[in-house]
Amino acid sequence: GKEFVNTTIMINKNMTFYSGYNHETKEGKVRVDLANGQFGQVIKLYSREVRGDKVFPKRAMVKFPEVGENVTLNVPAKMASEIFELGYATTIHKAQGSEFEVVFMVLPLDASWLVSRELIYTALTRSTSRIVLFLRGDIELMKKSLSPANSDIGSRRTRPLHGDDWHPNLYTQHITAKGLQVISKSECIIANLMDSQGLEYEYNYELKSRDGKSKRWVDFMVRVGDKQVYWEHAGMLSQKAYLRKHKFKLDWYEKQGLLKQLLVSDEVNGFDSERMKKVIILLKNGDLEAARKIFDPTLGKKSE
């Protein structure tokens with residue numbers, strides 16, 4: 001009925017029309033590509049008409065600003081009822097790619113498993129002027145949702161970047177007691193143990209090869225006296241692909257003449273916090289040789 005004129009609508013599927021009309025150029029049969037979630041407006045409604053031997057069904061004239069302010073579409077009423085929905089509210093996913101002057105965002109923080117930092121970012125960037133937040137639940141849950149540990153992208157463990165653009169810190173998703181962002185839970189525990197013992201370290205330390213043509217990001221670099229100790233944690237040696245990478249890593253250290261400065265911990269028999277703590281205490285006391293004996297640095301090289 002007439003009450004739908006000027007109503008905001010949203011298309012619920014990707015569609016291409018070849019029946020657009022440009023009111024400025026008077027051009028007909030204009031191609032119009034609409035994407036799922038795109039917003040438009042009902043301009044006019046037509047009743048069924050009979051003109052001579054032609055019958056025109058009920059139809060709606062609609063326009064979508066992103067297509068052009070002067071372009072409209074006449075869509076049969078039956079089709080319109082199937083592909084258009086009221087567009088006063090939408091999901092964050094469907095709003096991707098669209099912008100609005102004012103956005104009202106409702107976040108169900110009491111269902112925080114639905115909310116990721118990427119989802120919140122998408123929602124916050126839909127507004128060009130003002131955004132009003134309606135938070136259902138404890139505000140602390142929103143802070144948790146914004147943490148790297150709650151990242152959808154971080155959990156994918158992919159490497160879309162290469163060369164100088166890539167850095168392991170892009171994939172941190174766990175946070176230590178001191179607020180350091182690390183990649184794995186095991187690294188988080190090790191970092192917390194070092195912090196509790198007062199042992200200083202650098203995480204994901206950039207170590208270049210002798211010729212400068214390659215480099216590694218060491219899990220933890222610890223200074224023992226005047227030496228740098230490179231601590232690599234091998235947490236998944238039971239996996240063949242991981243084991244191959246670990247062997248390549250050991251070969252790299254050997255070529256650089258750094259095996260005596262390399263300390264490798266593992267989880268072959270599970271994660272052992274007591275052994276980790278012994279290593280840390282020995283390093284703090286300056287006993288690198290004893291610390292290296294707690295775990296076997298050539299274990300991965302000997303494994304098949």
# chains A, B, ... in the order shown; residues from 1 in each chain; ligands from 1

$ residues_around --residues "stretch 92-104 of chain A" --least-positions-apart "6" --cutoff "10 Å" --atoms "only C-alpha atoms" --output "list of chain:residue names"
A:Met10, A:Asn12, A:Ala35, A:Asn36, A:Gly37, A:Gln38, A:Phe39, A:Glu66, A:Leu119, A:Ile120, A:Tyr121, A:Thr122, A:Ala123, A:Leu124, A:Thr125, A:Arg126, A:Ser127, A:Thr128, A:Ser129, A:Arg130, A:Ile131, A:Val132, A:Leu133, A:Phe134

$ residues_around --residues "stretch 230-238 of chain A" --least-positions-apart "2" --cutoff "6 Å" --atoms "only C-alpha atoms" --output "ChimeraX atom specification"
/A:219-221,243,262-267

$ write_last_selection --atoms "N, CA, C and O atoms" --output "mmCIF file, in the first residue's frame"
data_model
loop_
_atom_site.group_PDB
_atom_site.id
_atom_site.type_symbol
_atom_site.label_atom_id
_atom_site.label_comp_id
_atom_site.auth_asym_id
_atom_site.auth_seq_id
_atom_site.Cartn_x
_atom_site.Cartn_y
_atom_site.Cartn_z
ATOM 1 N N ASP A 219 61.974 -16.966 19.318
ATOM 2 C CA ASP A 219 60.885 -16.901 20.289
ATOM 3 C C ASP A 219 61.243 -15.988 21.454
ATOM 4 O O ASP A 219 60.501 -15.062 21.783
ATOM 5 N N PHE A 220 62.399 -16.261 22.070
ATOM 6 C CA PHE A 220 62.868 -15.427 23.193
ATOM 7 C C PHE A 220 64.378 -15.253 23.087
ATOM 8 O O PHE A 220 65.100 -16.238 22.912
ATOM 9 N N MET A 221 64.838 -14.027 23.172
ATOM 10 C CA MET A 221 66.267 -13.762 23.249
ATOM 11 C C MET A 221 66.562 -13.332 24.678
ATOM 12 O O MET A 221 65.980 -12.372 25.193
ATOM 13 N N LEU A 243 57.733 -30.629 12.319
ATOM 14 C CA LEU A 243 59.051 -31.226 12.528
ATOM 15 C C LEU A 243 60.012 -30.852 11.406
ATOM 16 O O LEU A 243 61.186 -30.546 11.648
ATOM 17 N N LEU A 262 72.056 -21.667 21.280
ATOM 18 C CA LEU A 262 70.663 -22.060 21.054
ATOM 19 C C LEU A 262 70.154 -22.935 22.186
ATOM 20 O O LEU A 262 70.812 -23.894 22.600
ATOM 21 N N LEU A 263 68.987 -22.608 22.688
ATOM 22 C CA LEU A 263 68.311 -23.418 23.700
ATOM 23 C C LEU A 263 66.940 -23.784 23.150
ATOM 24 O O LEU A 263 66.186 -22.905 22.742
ATOM 25 N N VAL A 264 66.637 -25.074 23.105
ATOM 26 C CA VAL A 264 65.360 -25.541 22.560
ATOM 27 C C VAL A 264 64.582 -26.281 23.643
ATOM 28 O O VAL A 264 65.089 -27.227 24.246
ATOM 29 N N SER A 265 63.364 -25.842 23.897
ATOM 30 C CA SER A 265 62.468 -26.572 24.810
ATOM 31 C C SER A 265 61.403 -27.250 23.966
ATOM 32 O O SER A 265 61.138 -26.854 22.830
ATOM 33 N N ASP A 266 60.794 -28.299 24.517
ATOM 34 C CA ASP A 266 59.809 -29.041 23.732
ATOM 35 C C ASP A 266 58.664 -29.525 24.619
ATOM 36 O O ASP A 266 58.680 -29.340 25.843
ATOM 37 N N GLU A 267 57.689 -30.143 23.986
ATOM 38 C CA GLU A 267 56.532 -30.698 24.695
ATOM 39 C C GLU A 267 56.318 -32.154 24.286
ATOM 40 O O GLU A 267 55.187 -32.621 24.181
#

$ closest_residue --among "A:Met61, A:Ile9, A:Val115, A:Leu45" --to "A:Thr90" --atoms "only C-alpha atoms"
A:Ile9

$ select_by_dssp --residues "stretch 12-167 of chain A" --states "alpha helix (DSSP H)" --output "PyMOL selection string"
chain A and resi 77-83+92-95+117-124+139-145

$ write_last_selection --atoms "C-alpha atoms" --output "short mmCIF file (atom, residue, chain, number, x, y, z; two decimals), in the first residue's frame"
data_model
loop_
_atom_site.label_atom_id
_atom_site.label_comp_id
_atom_site.auth_asym_id
_atom_site.auth_seq_id
_atom_site.Cartn_x
_atom_site.Cartn_y
_atom_site.Cartn_z
CA ALA A 77 5.33 -6.70 -6.77
CA LYS A 78 5.70 -10.48 -6.41
CA MET A 79 9.45 -10.31 -7.01
CA ALA A 80 9.78 -7.25 -4.77
CA SER A 81 8.15 -9.12 -1.88
CA GLU A 82 10.70 -11.92 -2.27
CA ILE A 83 13.93 -9.96 -2.71
CA ILE A 92 26.94 -6.14 10.80
CA HIS A 93 27.92 -8.72 8.18
CA LYS A 94 25.36 -7.45 5.69
CA ALA A 95 26.34 -3.84 6.38
CA ARG A 117 37.35 -7.58 17.24
CA GLU A 118 36.93 -7.68 13.43
CA LEU A 119 33.13 -7.64 13.78
CA ILE A 120 33.27 -4.62 16.10
CA TYR A 121 35.69 -2.84 13.75
CA THR A 122 33.31 -3.39 10.82
CA ALA A 123 30.41 -2.00 12.83
CA LEU A 124 32.28 1.07 14.09
CA ILE A 139 31.30 -3.40 29.44
CA GLU A 140 34.29 -5.55 30.44
CA LEU A 141 33.08 -8.15 27.93
CA MET A 142 33.51 -5.58 25.15
CA LYS A 143 37.11 -4.98 26.22
CA LYS A 144 37.64 -8.73 26.06
CA SER A 145 36.07 -8.85 22.59
#

$ closest_residue --among "A:Cys188, A:Val218, A:Val75, A:Val30" --to "A:Leu250" --atoms "only C-alpha atoms"
A:Val218

$ residues_around --residues "A:Glu69" --least-positions-apart "3" --cutoff "10 Å" --atoms "only C-alpha atoms" --output "PyMOL selection string"
chain A and resi 22-24+63-66+72

$ atom_distance --atom1 "atom CA of A:Leu86" --atom2 "atom CA of A:Lys58"
18.7 Å

$ atom_distance --atom1 "atom CA of A:Arg223" --atom2 "atom CA of A:Val268"
26.3 Å

$ select_by_dssp --residues "stretch 76-115 of chain A" --states "strand (DSSP E)" --output "ChimeraX atom specification"
/A:76,84-86,100-108

$ atom_distance --atom1 "atom CA of A:Phe17" --atom2 "atom CA of A:Ala89"
24.6 Å

$ residues_around --residues "A:Ile280" --least-positions-apart "3" --cutoff "12 Å" --atoms "only C-alpha atoms" --output "VMD selection string"
chain A and resid 190 to 201 220 222 to 224 229 231 263 265 273 to 277 283 to 288 290 to 292 294

$ closest_residue --among "A:Tyr242, A:Phe4, A:Phe84, A:Tyr18" --to "A:Val42" --atoms "only C-alpha atoms"
A:Phe4
